[in-house]
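Asker: Here's a structure for you.
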Amino acid sequence: MSIPQEGGGPIERYEQLAEYIASGEKPREAWRIGTEHEKFGYCEDALKPLPYDGPRSVKAMLEGLRDEFGWQPILEQDKIIGLQLNGANVSLEPGGQLELSGAPLETIHQTCDEVNEHLREVHQVADRIGARFIGMGAAPEWREDQMPMMPKGRYRLMTDYMDKVGTMGKTMMYRTCTVQVNLDFASEADMVQKMRVALALQPVATALFANSPFLDGKPNGFKSWRANVWQNLDPARTGMLPFMFEEGAGYERWVEYVLDVPMYFVYRNGQYINALGQSFRDFLKGELPALPGEKPTLSDWADHMTTVFPEARVKKYIEMRGADGGPWRRLCALPALWVGLMYDQSALDAAWDLVKGWDDETREGLRRAAARDALQGEAGGVKLHDLAREAVAIAHAGLKARARSGAGGMVPDETHFLNALEESVESGRVPADELLEKYHGEWQGDLSRIYAEYSY
């Protein structure tokens, strides 16, 4: 979840909403990679979620990272709820999931180094307090009533609202984790092409990274339960966005979509003001019931844009949102997949050629098939295993064409970060398949063994 936005003057013209998005345009040489990942913390002996407070807690983790590695604290109502350092942030998801929002970096070598350094720091602090962290798309055993609530006003408001829309909002908030990558665009046309490819191929990411086959201590019938959760959330703010494939898609059409999404809150003076279900359109007119007579700022608009949750999302950059959190190795594979597809024009064109003939029903069908069956899924005559094979091959070619070297020039490009995905394409197996095989085989139904074998 996002940290509150700061700055930004008053919105005096409707056009400023689209101009805000357009201000993110960058020339190709300035494109960057921002990787985010979430993970569950737990008490090493009891195998239960970390509480917020106490000697072995989320707060202790944040304070340890602050004191031992120089991260600067972010406070809300005098409580530490995040950290920042050198363009990166550490933040908390509602149930205490620890998230790294990485700095914008030039290469996957750099972003993977950043992930590795962060996990080493987390491991050092966690060892000292008797905690561990595990990368999964959904909490394998912990019930909803076992998950703590972090002391963030945004989450208190959202928790109340989630019971009124969809069926799985609180499960999403408290018991799921993701890995995503944020990428740049050069122009409105470039944004549209990238968003179309991102949305259409998000089921490939869901399938390749499927890593949540358990809930409440047993198999749940899906390989990505996290993806299934998003399909049963608030329909006003989730989905595959058919309008992005229509003529006229662009900044203004995105603005109209976001304006149609009901509000959650307004952030003022360190506090979240309840605006649940209210309209940003009314806010623009000075008629928001939560703040009568007051008009929004650009930071209010930036905040509201973080409350839409489609499979890919536009802000001043594009977020790829379809993958489960997972093993250390796959945290670098996710940016490799999307950078390979998006940051070389020939690769992007090839990816669009792959999906441009699909209709809305096919895209939605693949989304649902990926959650249920991962690479064994299919819809509209499209088999996800075949699609993943083609998409990964295009990404490989895109990374090779980028030719961004690492390790002081010893590594000629970024293609090796795709190794884990290429192995999945070759075998047809993803992390969920391995977990289910162990559960039904050597673990003999004892899911507690997942912690020792799969924690970072």
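Letters for chains follow the order of the structure tokens (A, B, ...), residue numbers begin at 1 for each chain, and ligand numbers begin at 1 in the order shown.
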Kindly provide the residues of segment 229-335 of chain A that approach segment 185-197 of chain A to within 7 Å, each paired with its closest atom pair and their distance in Å to one decimal, based on only C-alpha atoms, listed by chain and increasing number, as CSV.

Answerer:
```
residue,atom,partner,partner_atom,distance
A:Met244,CA,A:Arg196,CA,6.6
A:Phe245,CA,A:Arg196,CA,6.4
A:Ala249,CA,A:Val192,CA,6.8
A:Gly250,CA,A:Val192,CA,6.1
A:Tyr251,CA,A:Glu188,CA,6.7
A:Ala312,CA,A:Met195,CA,6.9
A:Tyr317,CA,A:Phe185,CA,6.6
```

Asker: Would you mind exporting C-alpha atoms of the selected residues as an mmCIF file, in the first residue's frame?

Answerer:
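Written file, out-v5.cif:
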```
data_model
loop_
_atom_site.group_PDB
_atom_site.id
_atom_site.type_symbol
_atom_site.label_atom_id
_atom_site.label_comp_id
_atom_site.auth_asym_id
_atom_site.auth_seq_id
_atom_site.Cartn_x
_atom_site.Cartn_y
_atom_site.Cartn_z
ATOM 1 C CA MET A 244 -7.919 0.446 -22.472
ATOM 2 C CA PHE A 245 -8.301 -1.627 -25.647
ATOM 3 C CA ALA A 249 -7.696 5.102 -24.752
ATOM 4 C CA GLY A 250 -5.207 7.480 -23.172
ATOM 5 C CA TYR A 251 -4.619 9.833 -20.282
ATOM 6 C CA ALA A 312 -1.941 -3.040 -14.329
ATOM 7 C CA TYR A 317 4.568 5.184 -14.365
#
```

Asker: Report as a ChimeraX atom specification: the residues of segment 206-319 of chain A with a DSSP assignment of strand (DSSP E or B), based on the backbone of this structure.

Answerer: /A:212,214-215,218-219,224,265-268,271-274,297,312-314,318-319

Asker: For C-alpha atoms, I'd like the residues from the last selection saved as a PDB file, in the first residue's frame.

Answerer:
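Okay, selection.pdb is ready:
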```
ATOM      1  CA  SER A 212      -0.465 -19.449  -3.098  1.00  0.00           C
ATOM      2  CA  PHE A 214      -2.867 -22.981   0.504  1.00  0.00           C
ATOM      3  CA  LEU A 215      -5.213 -21.134   2.832  1.00  0.00           C
ATOM      4  CA  LYS A 218      -4.907 -26.796   3.420  1.00  0.00           C
ATOM      5  CA  PRO A 219      -5.041 -26.666  -0.392  1.00  0.00           C
ATOM      6  CA  SER A 224      -2.755 -18.511  -7.111  1.00  0.00           C
ATOM      7  CA  PHE A 265     -10.168   8.961   2.303  1.00  0.00           C
ATOM      8  CA  VAL A 266      -8.585  12.399   2.246  1.00  0.00           C
ATOM      9  CA  TYR A 267      -5.246  12.845   4.031  1.00  0.00           C
ATOM     10  CA  ARG A 268      -4.918  16.038   6.073  1.00  0.00           C
ATOM     11  CA  GLN A 271      -4.760  12.041   9.607  1.00  0.00           C
ATOM     12  CA  TYR A 272      -7.027  10.086   7.273  1.00  0.00           C
ATOM     13  CA  ILE A 273     -10.469  11.655   6.916  1.00  0.00           C
ATOM     14  CA  ASN A 274     -13.255   9.207   6.108  1.00  0.00           C
ATOM     15  CA  THR A 297      -4.838  19.321  -4.339  1.00  0.00           C
ATOM     16  CA  ALA A 312      -1.941  -3.040 -14.329  1.00  0.00           C
ATOM     17  CA  ARG A 313      -2.121   0.540 -13.093  1.00  0.00           C
ATOM     18  CA  VAL A 314      -1.078   3.939 -14.433  1.00  0.00           C
ATOM     19  CA  ILE A 318       2.971   1.791 -15.016  1.00  0.00           C
ATOM     20  CA  GLU A 319       2.702  -0.895 -12.333  1.00  0.00           C
TER      21      GLU A 319
END
```

Asker: Any idea what's packed within 7 Å of segment 174-180 of chain A, counting only C-alpha atoms, ignoring anything in its chain fewer than 6 positions away? Could you give it as a ChimeraX atom specification?

Answerer: /A:35-39,94-95,136-139,147,226,319-321,323-325,331,334

Asker: Could you pull out the residues in segment 181-357 of chain A that DSSP calls helix (DSSP H, G or I) from the backbone, as a ChimeraX atom specification?

Answerer: /A:188-208,225-230,242-245,251-260,280-284,298-305,328-342,345-355

Asker: Keeping C-alpha atoms for every residue in the selection just given, could you write it to a file as a tab-separated table (two decimals), in the first residue's frame?

Answerer:
```
chain	number	residue	atom	x	y	z
A	188	GLU	CA	0.70	8.83	-24.31
A	189	ALA	CA	0.88	6.39	-27.23
A	190	ASP	CA	3.71	4.51	-25.54
A	191	MET	CA	1.70	4.32	-22.31
A	192	VAL	CA	-1.30	2.91	-24.16
A	193	GLN	CA	0.71	0.24	-25.96
A	194	LYS	CA	2.48	-0.79	-22.76
A	195	MET	CA	-0.76	-0.88	-20.79
A	196	ARG	CA	-2.44	-3.04	-23.41
A	197	VAL	CA	0.44	-5.51	-23.38
A	198	ALA	CA	0.64	-5.36	-19.57
A	199	LEU	CA	-3.05	-6.12	-19.10
A	200	ALA	CA	-3.22	-8.83	-21.76
A	201	LEU	CA	-0.11	-10.65	-20.53
A	202	GLN	CA	-0.71	-10.20	-16.81
A	203	PRO	CA	-2.18	-13.75	-16.69
A	204	VAL	CA	1.24	-15.01	-17.83
A	205	ALA	CA	2.84	-13.37	-14.79
A	206	THR	CA	0.09	-14.76	-12.57
A	207	ALA	CA	0.71	-18.27	-13.93
A	208	LEU	CA	4.51	-18.19	-13.82
A	225	TRP	CA	-5.30	-17.88	-4.39
A	226	ARG	CA	-4.07	-14.29	-4.29
A	227	ALA	CA	-5.15	-13.79	-7.90
A	228	ASN	CA	-8.53	-15.35	-7.12
A	229	VAL	CA	-8.92	-12.91	-4.23
A	230	TRP	CA	-8.45	-9.95	-6.57
A	242	PRO	CA	-11.63	-3.32	-21.39
A	243	PHE	CA	-11.70	0.43	-22.10
A	244	MET	CA	-7.92	0.45	-22.47
A	245	PHE	CA	-8.30	-1.63	-25.65
A	251	TYR	CA	-4.62	9.83	-20.28
A	252	GLU	CA	-8.08	11.40	-20.31
A	253	ARG	CA	-9.84	8.05	-20.48
A	254	TRP	CA	-7.74	6.85	-17.53
A	255	VAL	CA	-8.72	9.96	-15.59
A	256	GLU	CA	-12.41	9.27	-16.24
A	257	TYR	CA	-12.00	5.71	-15.00
A	258	VAL	CA	-10.29	6.81	-11.78
A	259	LEU	CA	-12.89	9.53	-11.19
A	260	ASP	CA	-15.61	6.86	-11.38
A	280	PHE	CA	-13.78	12.76	-6.38
A	281	ARG	CA	-15.92	14.54	-8.97
A	282	ASP	CA	-17.80	16.17	-6.08
A	283	PHE	CA	-14.46	17.00	-4.47
A	284	LEU	CA	-13.44	18.87	-7.64
A	298	LEU	CA	-2.71	17.30	-6.73
A	299	SER	CA	-1.52	15.24	-3.77
A	300	ASP	CA	-5.17	14.31	-3.09
A	301	TRP	CA	-5.42	13.18	-6.71
A	302	ALA	CA	-2.19	11.19	-6.36
A	303	ASP	CA	-3.59	9.53	-3.23
A	304	HIS	CA	-6.89	8.69	-4.93
A	305	MET	CA	-5.03	7.11	-7.86
A	328	TRP	CA	14.12	-14.93	-3.47
A	329	ARG	CA	15.14	-15.97	-7.00
A	330	ARG	CA	11.83	-14.96	-8.53
A	331	LEU	CA	11.94	-11.46	-7.06
A	332	CYS	CA	14.48	-10.57	-9.75
A	333	ALA	CA	12.73	-12.59	-12.46
A	334	LEU	CA	9.58	-10.45	-12.35
A	335	PRO	CA	11.30	-7.19	-13.41
A	336	ALA	CA	13.29	-9.18	-15.97
A	337	LEU	CA	10.09	-10.41	-17.59
A	338	TRP	CA	8.48	-7.00	-17.91
A	339	VAL	CA	11.61	-5.00	-18.75
A	340	GLY	CA	12.33	-7.51	-21.50
A	341	LEU	CA	8.82	-7.09	-22.88
A	342	MET	CA	8.52	-3.32	-22.44
A	345	GLN	CA	10.53	-1.51	-28.99
A	346	SER	CA	10.88	-4.61	-31.15
A	347	ALA	CA	9.99	-6.78	-28.15
A	348	LEU	CA	7.04	-4.56	-27.24
A	349	ASP	CA	5.73	-4.71	-30.80
A	350	ALA	CA	6.14	-8.50	-30.84
A	351	ALA	CA	4.27	-8.77	-27.54
A	352	TRP	CA	1.43	-6.65	-28.89
A	353	ASP	CA	1.27	-8.79	-32.04
A	354	LEU	CA	0.91	-11.79	-29.74
A	355	VAL	CA	-2.21	-10.47	-28.00
```

Asker: As a ChimeraX atom specification, please: the residues near Ser455 of chain A (cut-off 8 Å, only C-alpha atoms, same-chain neighbours under 6 positions excluded).

Answerer: /A:132-135

Asker: Give me, please, the distance in Å between atom CA of Arg13 of chain A and atom CA of Asn182 of chain A, quoted to one decimal.

Answerer: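 For atom CA of Arg13 of chain A relative to atom CA of Asn182 of chain A, the distance reads 28.0 Å.
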
Asker: Would you pick out the contacts of segment 100-108 of chain A at 9 Å or less, using only C-alpha atoms, so that residues sharing its chain but fewer than 4 positions from it are not included, and give the list as a PyMOL selection string?

Answerer: chain A and resi 30-38+85-92+112-115+118+182-183+332+335-336+339+404-406+414+417

Asker: Have a look at atom CA of His416 of chain A and atom CA of Ala393 of chain A and let me know their distance in Å, one decimal.

Answerer: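 That distance, rounded to one decimal, is 12.4 Å.
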
Asker: If you measure from atom CA of Pro27 of chain A to atom CA of Pro10 of chain A, what distance in Å do you get, rounded to one decimal?

Answerer: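 Interatomic distance, atom CA of Pro27 of chain A to atom CA of Pro10 of chain A: 27.7 Å.
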
Asker: For Glu426 of chain A, please output as number ranges by chain all residues within 10 Å (counting only C-alpha atoms; exclusion window: fewer than 4 positions along the same chain).

Answerer: A: 385, 389, 420-422

Asker: Tell me which of A:Arg237, A:His109, A:Arg154, A:Lys316 sits closest to Ala275 of chain A, counting only C-alpha atoms.

Answerer: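 Selected residue with least distance to Ala275 of chain A: A:Arg154.
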